[in-house]
file model-v7.txt (compact mmCIF, C-alpha atoms)
# COMPACT_ATOMS: atom_id res chain seq x y z
CA MET A 1 -19.75 -36.72 1.19
CA HIS A 2 -20.72 -36.62 -2.47
CA GLU A 3 -21.33 -40.08 -3.95
CA LEU A 4 -18.51 -39.43 -6.43
CA TYR A 5 -16.05 -38.42 -3.71
CA HIS A 6 -13.88 -41.51 -3.84
CA PRO A 7 -13.48 -41.95 -7.62
CA VAL A 8 -12.70 -38.25 -8.10
CA ALA A 9 -10.34 -38.10 -5.11
CA ASP A 10 -8.55 -41.24 -6.28
CA LEU A 11 -8.15 -39.78 -9.78
CA MET A 12 -6.74 -36.53 -8.39
CA ARG A 13 -4.28 -38.36 -6.18
CA ARG A 14 -3.06 -40.45 -9.12
CA VAL A 15 -2.55 -37.35 -11.23
CA GLY A 16 -0.74 -35.64 -8.36
CA THR A 17 1.55 -38.63 -7.89
CA ASP A 18 2.13 -39.53 -11.54
CA ILE A 19 2.22 -36.11 -13.22
CA VAL A 20 2.40 -33.12 -10.92
CA MET A 21 4.92 -34.09 -8.27
CA PRO A 22 7.49 -35.62 -10.68
CA ARG A 23 7.59 -32.22 -12.45
CA PHE A 24 7.86 -30.22 -9.22
CA GLN A 25 11.30 -28.59 -8.99
CA ASN A 26 12.13 -30.49 -12.17
CA LEU A 27 11.00 -28.19 -15.00
CA ALA A 28 13.22 -27.11 -17.86
CA ALA A 29 12.98 -23.51 -19.03
CA HIS A 30 11.19 -24.48 -22.24
CA GLN A 31 8.51 -26.28 -20.18
CA ILE A 32 7.32 -22.99 -18.62
CA LEU A 33 5.45 -20.52 -20.82
CA GLU A 34 3.82 -17.15 -20.18
CA LYS A 35 0.32 -17.29 -21.63
CA ALA A 36 -0.49 -13.74 -20.43
CA PRO A 37 1.36 -11.13 -18.37
CA ASP A 38 2.21 -12.76 -15.01
CA GLU A 39 0.18 -15.86 -16.02
CA LEU A 40 2.27 -19.01 -16.45
CA VAL A 41 1.48 -22.45 -17.78
CA THR A 42 3.75 -25.48 -17.59
CA ILE A 43 3.89 -28.85 -19.25
CA ALA A 44 2.57 -30.28 -15.98
CA ASP A 45 -0.59 -28.12 -16.18
CA LYS A 46 -1.33 -29.45 -19.64
CA GLU A 47 -0.57 -33.08 -18.82
CA SER A 48 -2.57 -32.88 -15.59
CA GLU A 49 -5.63 -31.41 -17.32
CA GLU A 50 -5.51 -34.02 -20.07
CA ARG A 51 -5.41 -36.91 -17.58
CA LEU A 52 -8.07 -35.37 -15.34
CA SER A 53 -10.36 -34.72 -18.29
CA GLU A 54 -10.07 -38.32 -19.47
CA GLY A 55 -10.70 -39.67 -15.99
CA LEU A 56 -13.69 -37.43 -15.23
CA ALA A 57 -15.27 -38.27 -18.58
CA ALA A 58 -15.12 -41.93 -17.61
CA ILE A 59 -16.55 -41.27 -14.13
CA LEU A 60 -19.53 -39.20 -15.32
CA PRO A 61 -19.85 -39.32 -19.13
CA GLU A 62 -22.96 -37.10 -19.24
CA ALA A 63 -21.10 -34.11 -17.79
CA GLY A 64 -19.23 -31.57 -19.90
CA ILE A 65 -15.66 -30.66 -19.07
CA ILE A 66 -14.44 -27.08 -18.59
CA GLY A 67 -10.70 -26.94 -18.00
CA GLU A 68 -8.58 -23.85 -17.51
CA GLU A 69 -6.12 -24.75 -20.25
CA ALA A 70 -8.84 -25.87 -22.65
CA CYS A 71 -10.49 -22.47 -22.20
CA GLU A 72 -7.19 -20.80 -23.01
CA THR A 73 -7.21 -22.63 -26.35
CA ASP A 74 -10.96 -22.16 -26.96
CA PRO A 75 -12.35 -19.12 -25.07
CA HIS A 76 -15.90 -19.96 -26.21
CA LEU A 77 -15.79 -23.00 -23.93
CA LEU A 78 -15.95 -20.77 -20.84
CA GLY A 79 -19.26 -19.35 -22.05
CA ARG A 80 -20.86 -22.77 -21.52
CA VAL A 81 -19.69 -23.23 -17.93
CA GLY A 82 -23.07 -22.20 -16.49
CA GLU A 83 -25.09 -24.37 -18.85
CA GLY A 84 -25.95 -27.93 -17.87
CA LEU A 85 -23.85 -30.38 -15.88
CA ASN A 86 -20.10 -29.67 -16.00
CA TRP A 87 -16.84 -30.66 -14.42
CA ILE A 88 -14.64 -27.60 -13.78
CA ILE A 89 -10.89 -28.25 -13.63
CA ASP A 90 -7.87 -26.30 -12.49
CA PRO A 91 -5.07 -28.77 -13.22
CA ILE A 92 -2.53 -26.84 -11.13
CA ASP A 93 -3.73 -23.87 -9.12
CA GLY A 94 -0.82 -21.70 -8.08
CA THR A 95 1.19 -22.38 -11.24
CA GLY A 96 3.50 -19.45 -10.50
CA ASN A 97 4.51 -21.07 -7.22
CA PHE A 98 4.81 -24.49 -8.84
CA ALA A 99 7.01 -23.12 -11.64
CA ALA A 100 9.21 -21.33 -9.10
CA GLY A 101 9.72 -24.60 -7.24
CA HIS A 102 7.90 -23.85 -4.01
CA PRO A 103 4.43 -24.48 -2.53
CA PRO A 104 1.59 -23.83 -2.20
CA PHE A 105 -0.14 -25.20 -5.25
CA GLY A 106 -3.02 -27.62 -5.70
CA ILE A 107 -5.48 -29.40 -7.96
CA LEU A 108 -9.08 -28.15 -8.01
CA ILE A 109 -12.16 -29.93 -9.36
CA ALA A 110 -15.81 -28.94 -9.02
CA LEU A 111 -19.08 -30.32 -10.35
CA ALA A 112 -21.77 -27.77 -11.22
CA ASP A 113 -25.27 -28.01 -12.65
CA ASN A 114 -26.55 -24.92 -14.50
CA GLY A 115 -24.07 -22.81 -12.57
CA HIS A 116 -24.95 -24.20 -9.14
CA ILE A 117 -22.03 -25.96 -7.48
CA LEU A 118 -22.80 -29.50 -6.35
CA ALA A 119 -19.41 -30.62 -5.07
CA GLY A 120 -15.77 -29.59 -4.94
CA TRP A 121 -12.40 -31.26 -4.34
CA ILE A 122 -9.14 -29.51 -3.35
CA LEU A 123 -5.93 -31.56 -3.31
CA ASP A 124 -2.62 -30.37 -1.90
CA PRO A 125 -0.28 -32.88 -3.59
CA VAL A 126 2.69 -31.91 -1.41
CA ARG A 127 0.97 -32.65 1.91
CA GLY A 128 -1.53 -35.12 0.48
CA ARG A 129 -4.43 -33.18 2.03
CA MET A 130 -7.83 -33.54 0.36
CA CYS A 131 -10.56 -31.00 1.13
CA HIS A 132 -14.09 -31.64 -0.06
CA GLY A 133 -17.49 -30.03 0.10
CA ALA A 134 -20.82 -31.33 -1.19
CA LEU A 135 -24.12 -29.48 -1.34
CA GLY A 136 -26.17 -30.23 1.75
CA LYS A 137 -23.70 -32.85 2.97
CA GLY A 138 -21.01 -30.78 4.69
CA ALA A 139 -17.27 -30.20 4.38
CA PHE A 140 -14.46 -32.66 4.96
CA VAL A 141 -10.67 -32.78 5.23
CA ASP A 142 -9.20 -36.20 4.50
CA GLY A 143 -12.63 -37.71 5.07
CA GLU A 144 -13.23 -36.08 8.47
CA ALA A 145 -16.06 -33.56 8.84
CA VAL A 146 -14.90 -30.01 9.60
CA ARG A 147 -16.48 -26.72 10.61
CA ALA A 148 -14.94 -23.35 9.81
CA GLN A 149 -13.35 -21.63 12.76
CA PRO A 150 -12.04 -18.10 13.35
CA SER A 151 -8.33 -17.53 13.89
CA GLY A 152 -8.73 -16.08 17.38
CA ALA A 153 -6.30 -13.27 16.51
CA PRO A 154 -6.71 -9.93 18.35
CA LEU A 155 -7.79 -8.40 15.04
CA PRO A 156 -9.39 -10.73 12.48
CA ILE A 157 -6.97 -11.63 9.68
CA VAL A 158 -8.04 -10.73 6.16
CA ALA A 159 -6.13 -12.08 3.14
CA LEU A 160 -6.29 -9.74 0.16
CA ALA A 161 -5.81 -10.84 -3.43
CA SER A 162 -4.43 -7.40 -4.20
CA PHE A 163 -2.45 -8.38 -7.31
CA PHE A 164 -5.59 -8.16 -9.49
CA MET A 165 -6.76 -4.89 -7.94
CA THR A 166 -6.01 -1.42 -9.23
CA PRO A 167 -3.64 0.71 -7.15
CA GLU A 168 -6.65 2.73 -6.05
CA GLN A 169 -8.49 -0.41 -4.91
CA ARG A 170 -5.46 -1.63 -2.98
CA ALA A 171 -5.07 1.70 -1.21
CA ASP A 172 -8.78 1.79 -0.34
CA MET A 173 -8.73 -1.74 1.08
CA LYS A 174 -5.69 -0.97 3.23
CA ALA A 175 -7.24 2.24 4.52
CA ARG A 176 -10.56 0.57 5.36
CA SER A 177 -8.87 -2.29 7.18
CA ALA A 178 -6.95 -0.01 9.58
CA GLY A 179 -8.07 -0.61 13.16
CA HIS A 180 -10.43 -3.41 12.12
CA TYR A 181 -8.26 -6.12 10.57
CA THR A 182 -4.75 -7.41 10.16
CA THR A 183 -4.10 -7.75 6.43
CA VAL A 184 -1.96 -10.44 4.82
CA ASP A 185 -1.32 -11.42 1.22
CA ILE A 186 -2.98 -14.38 -0.45
CA PRO A 187 -0.39 -17.01 -1.41
CA ARG A 188 -1.33 -16.79 -5.12
CA CYS A 189 -3.18 -20.08 -4.70
CA ALA A 190 -6.92 -20.41 -4.04
CA ALA A 191 -6.37 -24.12 -3.34
CA GLU A 192 -4.46 -23.02 -0.24
CA GLN A 193 -6.46 -19.91 0.66
CA TYR A 194 -9.84 -21.58 1.09
CA PRO A 195 -8.49 -24.18 3.55
CA ARG A 196 -6.79 -21.38 5.47
CA ILE A 197 -10.22 -19.83 6.11
CA VAL A 198 -11.86 -23.09 7.16
CA LEU A 199 -8.95 -24.27 9.30
CA GLY A 200 -8.57 -21.04 11.29
CA GLU A 201 -5.40 -19.55 9.82
CA ASN A 202 -7.24 -16.58 8.28
CA ASP A 203 -10.66 -15.16 9.08
CA LEU A 204 -11.52 -13.51 5.78
CA THR A 205 -10.45 -13.34 2.17
CA ILE A 206 -11.18 -10.90 -0.63
CA PHE A 207 -10.70 -11.90 -4.24
CA GLU A 208 -11.01 -9.50 -7.16
CA ARG A 209 -10.98 -12.10 -9.94
CA SER A 210 -13.60 -14.88 -9.86
CA LEU A 211 -12.76 -17.41 -12.56
CA PRO A 212 -14.72 -20.64 -12.01
CA TRP A 213 -11.75 -23.02 -11.90
CA ASP A 214 -10.18 -20.90 -9.16
CA HIS A 215 -13.23 -20.63 -6.91
CA ALA A 216 -15.95 -23.22 -7.53
CA ALA A 217 -14.38 -25.96 -5.39
CA GLY A 218 -13.37 -23.57 -2.63
CA ALA A 219 -16.75 -21.85 -2.54
CA ILE A 220 -18.69 -25.00 -1.74
CA PHE A 221 -16.02 -26.21 0.69
CA LEU A 222 -16.21 -22.96 2.67
CA ASN A 223 -20.00 -22.64 2.53
CA GLU A 224 -20.57 -26.25 3.55
CA ALA A 225 -18.12 -25.78 6.44
CA GLY A 226 -20.41 -23.08 7.85
CA GLY A 227 -18.51 -20.10 6.51
CA ARG A 228 -19.67 -17.86 3.71
CA LEU A 229 -18.38 -17.14 0.22
CA SER A 230 -20.46 -14.81 -1.94
CA ARG A 231 -20.32 -11.72 -4.09
CA THR A 232 -19.39 -8.55 -2.28
CA ASP A 233 -22.99 -7.34 -2.60
CA GLY A 234 -24.21 -10.47 -0.81
CA SER A 235 -25.52 -12.31 -3.85
CA PRO A 236 -24.55 -15.99 -4.22
CA TYR A 237 -21.53 -17.01 -6.26
CA THR A 238 -22.53 -19.11 -9.25
CA VAL A 239 -20.27 -20.27 -12.03
CA GLY A 240 -20.96 -18.56 -15.32
CA ASP A 241 -21.39 -15.19 -13.63
CA ASP A 242 -18.32 -13.25 -14.77
CA ARG A 243 -18.62 -10.32 -12.37
CA ARG A 244 -15.54 -9.46 -10.33
CA GLY A 245 -15.27 -9.51 -6.56
CA LEU A 246 -15.72 -12.22 -3.90
CA LEU A 247 -15.75 -12.05 -0.11
CA GLY A 248 -15.18 -15.16 1.98
CA ALA A 249 -15.36 -15.50 5.75
CA ALA A 250 -15.12 -18.16 8.43
CA SER A 251 -18.63 -17.29 9.65
CA PRO A 252 -21.66 -15.34 8.43
CA GLN A 253 -21.09 -12.84 11.24
CA LEU A 254 -17.52 -12.15 10.10
CA TRP A 255 -18.81 -11.81 6.54
CA ASP A 256 -21.44 -9.24 7.52
CA GLU A 257 -18.95 -7.10 9.41
CA ALA A 258 -16.36 -7.24 6.61
CA ALA A 259 -18.99 -6.31 4.01
CA ARG A 260 -19.84 -3.25 6.10
CA VAL A 261 -16.20 -2.22 6.55
CA PHE A 262 -14.94 -2.86 3.02
CA PHE A 263 -17.99 -2.41 0.82
CA GLY A 264 -20.52 -0.44 2.86

call {"tool": "encode", "arguments": {"input": "model-v7.txt", "output": "structure tokens"}}
result
Amino acid sequence: MHELYHPVADLMRRVGTDIVMPRFQNLAAHQILEKAPDELVTIADKESEERLSEGLAAILPEAGIIGEEACETDPHLLGRVGEGLNWIIDPIDGTGNFAAGHPPFGILIALADNGHILAGWILDPVRGRMCHGALGKGAFVDGEAVRAQPSGAPLPIVALASFFMTPEQRADMKARSAGHYTTVDIPRCAAEQYPRIVLGENDLTIFERSLPWDHAAGAIFLNEAGGRLSRTDGSPYTVGDDRRGLLGAASPQLWDEAARVFFG
């Protein structure tokens, strides 16, 4: 595991216990805001990011901090995400689910150096599950090493993040999948979707939007587990690259076949 695994994991668990879970199913209407169409933020997101930012600054003072809510306030901050050493924070991934009072949702943290992801942490505060990946060191769930595994379904299961696609894209994806894949919806939570690929619930996932706080932690977790997450043209995913489109798979072989079917 990454040498910072324990201090970061401990910080995330404290924030989950002290801030996130006490607000779960306990939000007043004025504590939920719409920052963009179908994009919510809650008081828990803001409090979580503030506490995480303070804690990460103490753990590794030389690293910058790029948080989702901070970037909402100062969009120029996102432009620096690929420059130098940075923590990348999603204080609550799956805010729509959290605000509606149901899982899944999670806390995501990644550490990147000049856009290259060094380590990632994914906490499910409801189940207490911590997923972690570190460059060259492997992938872990609650401290135990894991390898990505296919679902074993008769047709491989592909989860589509269709809510950020155009109607034409959605129709094309559905048509291409026919006879090759069973399609399911993504649970509006990357913190849940990446573990589903590694743990054998889904075989593939296609994301249209590729914001760093949504994907940096999951990308290294999946890649270090022996799966593959990259751009749909096969190029690596690096933070700071604002192109759209990501394809993830439980194995390189599944990735190659899906790239042929969906993007060939």

call {"tool": "atom_distance", "arguments": {"input": "model-v7.txt", "atom1": "CA of Asp233 (chain A)", "atom2": "CA of Pro75 (chain A)"}}
result
27.5 Å

call {"tool": "residues_around", "arguments": {"input": "model-v7.txt", "residues": "Trp121 (chain A)", "least_positions_apart": "2", "cutoff": "12 Å", "atoms": "only C-alpha atoms", "output": "MDAnalysis selection string"}}
result
chainID A and resid 1:2 4:13 87:91 106:111 117:119 123:124 129:134 139:143 191 194:195 213:222

call {"tool": "closest_residue", "arguments": {"input": "model-v7.txt", "among": "A:Ala112, A:Pro212, A:Asp45, A:Val239", "to": "Ala99 (chain A)", "atoms": "all atoms listed in the file"}}
result
A:Asp45

call {"tool": "atom_distance", "arguments": {"input": "model-v7.txt", "atom1": "CA of Ala70 (chain A)", "atom2": "CA of Gln25 (chain A)"}}
result
24.5 Å

call {"tool": "atom_distance", "arguments": {"input": "model-v7.txt", "atom1": "CA of Asn97 (chain A)", "atom2": "CA of Arg170 (chain A)"}}
result
22.3 Å

call {"tool": "residues_near_point", "arguments": {"input": "model-v7.txt", "point": "(-6.7, -8.5, 10.5)", "cutoff": "6 Å", "atoms": "only C-alpha atoms", "output": "number ranges by chain"}}
result
A: 155-158, 181-183

call {"tool": "residues_around", "arguments": {"input": "model-v7.txt", "residues": "Ile32 (chain A)", "least_positions_apart": "4", "cutoff": "8 Å", "atoms": "all atoms listed in the file", "output": "list in words"}}
result
Leu27, Ala28, Leu40, Val41, Thr42, Ile43 and Ala99 of chain A

call {"tool": "closest_residue", "arguments": {"input": "model-v7.txt", "among": "A:Val261, A:Leu247, A:Ala190, A:Leu56", "to": "Asn223 (chain A)", "atoms": "all atoms listed in the file"}}
result
A:Leu247

call {"tool": "residues_around", "arguments": {"input": "model-v7.txt", "residues": "Ile65 (chain A)", "least_positions_apart": "2", "cutoff": "12 Å", "atoms": "only C-alpha atoms", "output": "number ranges by chain"}}
result
A: 49-50, 52-63, 67-71, 77-78, 80-90, 109-113, 213

call {"tool": "closest_residue", "arguments": {"input": "model-v7.txt", "among": "A:Ser151, A:Thr166, A:Thr205, A:Ser251", "to": "Thr232 (chain A)", "atoms": "only C-alpha atoms"}}
result
A:Thr205

call {"tool": "closest_residue", "arguments": {"input": "model-v7.txt", "among": "A:Phe263, A:Lys46, A:Glu257, A:Ile92", "to": "Asp172 (chain A)", "atoms": "all atoms listed in the file"}}
result
A:Phe263

call {"tool": "closest_residue", "arguments": {"input": "model-v7.txt", "among": "A:Ile197, A:Met21, A:Val15, A:Met165", "to": "Ala225 (chain A)", "atoms": "only C-alpha atoms"}}
result
A:Ile197

call {"tool": "residues_around", "arguments": {"input": "model-v7.txt", "residues": "Leu211 (chain A)", "least_positions_apart": "6", "cutoff": "9 Å", "atoms": "all atoms listed in the file", "output": "count of residues only"}}
result
5

call {"tool": "closest_residue", "arguments": {"input": "model-v7.txt", "among": "A:His180, A:Leu135, A:Met173, A:His102", "to": "Pro154 (chain A)", "atoms": "all atoms listed in the file"}}
result
A:His180

call {"tool": "build_atoms", "arguments": {"input": "model-v7.txt", "residues": "region 26-37 of chain A", "atoms": "all heavy atoms", "output": "compact mmCIF listing (two decimals), in the coordinates of the input"}}
result
# COMPACT_ATOMS: atom_id res chain seq x y z
N ASN A 26 11.46 -29.70 -11.14
CA ASN A 26 12.13 -30.49 -12.17
C ASN A 26 11.68 -30.05 -13.55
O ASN A 26 11.51 -30.87 -14.45
CB ASN A 26 11.81 -31.97 -11.96
CG ASN A 26 12.70 -32.89 -12.76
OD1 ASN A 26 13.86 -32.59 -13.02
ND2 ASN A 26 12.15 -34.02 -13.18
N LEU A 27 11.45 -28.74 -13.72
CA LEU A 27 11.00 -28.19 -15.00
C LEU A 27 12.16 -27.52 -15.73
O LEU A 27 12.92 -26.75 -15.15
CB LEU A 27 9.91 -27.15 -14.77
CG LEU A 27 8.54 -27.66 -14.29
CD1 LEU A 27 7.70 -26.49 -13.81
CD2 LEU A 27 7.82 -28.41 -15.40
N ALA A 28 12.27 -27.82 -17.02
CA ALA A 28 13.22 -27.11 -17.86
C ALA A 28 12.61 -25.77 -18.28
O ALA A 28 11.38 -25.59 -18.26
CB ALA A 28 13.56 -27.94 -19.09
N ALA A 29 13.46 -24.85 -18.68
CA ALA A 29 12.98 -23.51 -19.03
C ALA A 29 11.94 -23.55 -20.13
O ALA A 29 10.95 -22.81 -20.09
CB ALA A 29 14.16 -22.62 -19.43
N HIS A 30 12.12 -24.43 -21.12
CA HIS A 30 11.19 -24.48 -22.24
C HIS A 30 9.85 -25.12 -21.86
O HIS A 30 8.91 -25.10 -22.65
CB HIS A 30 11.81 -25.24 -23.42
CG HIS A 30 11.93 -26.71 -23.21
ND1 HIS A 30 13.00 -27.28 -22.55
CD2 HIS A 30 11.11 -27.75 -23.55
CE1 HIS A 30 12.85 -28.59 -22.51
NE2 HIS A 30 11.71 -28.90 -23.10
N GLN A 31 9.76 -25.67 -20.65
CA GLN A 31 8.51 -26.28 -20.18
C GLN A 31 7.65 -25.31 -19.38
O GLN A 31 6.61 -25.69 -18.85
CB GLN A 31 8.82 -27.52 -19.34
CG GLN A 31 9.48 -28.63 -20.16
CD GLN A 31 9.95 -29.78 -19.30
OE1 GLN A 31 10.34 -29.62 -18.14
NE2 GLN A 31 9.92 -30.99 -19.88
N ILE A 32 8.07 -24.05 -19.30
CA ILE A 32 7.32 -22.99 -18.62
C ILE A 32 7.07 -21.88 -19.63
O ILE A 32 8.01 -21.33 -20.21
CB ILE A 32 8.11 -22.42 -17.42
CG1 ILE A 32 8.53 -23.53 -16.46
CG2 ILE A 32 7.27 -21.37 -16.69
CD1 ILE A 32 9.50 -23.07 -15.38
N LEU A 33 5.81 -21.55 -19.86
CA LEU A 33 5.45 -20.52 -20.82
C LEU A 33 4.61 -19.45 -20.13
O LEU A 33 3.88 -19.72 -19.17
CB LEU A 33 4.65 -21.13 -21.98
CG LEU A 33 5.34 -22.21 -22.79
CD1 LEU A 33 4.37 -22.80 -23.80
CD2 LEU A 33 6.58 -21.66 -23.49
N GLU A 34 4.66 -18.23 -20.65
CA GLU A 34 3.82 -17.15 -20.18
C GLU A 34 2.67 -16.98 -21.17
O GLU A 34 2.86 -16.53 -22.29
CB GLU A 34 4.61 -15.84 -20.06
CG GLU A 34 3.83 -14.73 -19.37
CD GLU A 34 4.67 -13.49 -19.12
OE1 GLU A 34 5.21 -12.94 -20.12
OE2 GLU A 34 4.77 -13.06 -17.97
N LYS A 35 1.47 -17.38 -20.73
CA LYS A 35 0.32 -17.29 -21.63
C LYS A 35 -0.33 -15.91 -21.61
O LYS A 35 -1.11 -15.57 -22.49
CB LYS A 35 -0.71 -18.37 -21.29
CG LYS A 35 -1.26 -18.33 -19.88
CD LYS A 35 -2.19 -19.52 -19.63
CE LYS A 35 -2.75 -19.52 -18.22
NZ LYS A 35 -3.63 -20.69 -17.96
N ALA A 36 -0.04 -15.13 -20.57
CA ALA A 36 -0.49 -13.74 -20.43
C ALA A 36 0.46 -13.09 -19.43
O ALA A 36 1.21 -13.81 -18.74
CB ALA A 36 -1.94 -13.69 -19.95
N PRO A 37 0.48 -11.77 -19.34
CA PRO A 37 1.36 -11.13 -18.37
C PRO A 37 1.15 -11.68 -16.96
O PRO A 37 0.04 -11.68 -16.44
CB PRO A 37 0.97 -9.66 -18.46
CG PRO A 37 0.47 -9.49 -19.86
CD PRO A 37 -0.24 -10.78 -20.17
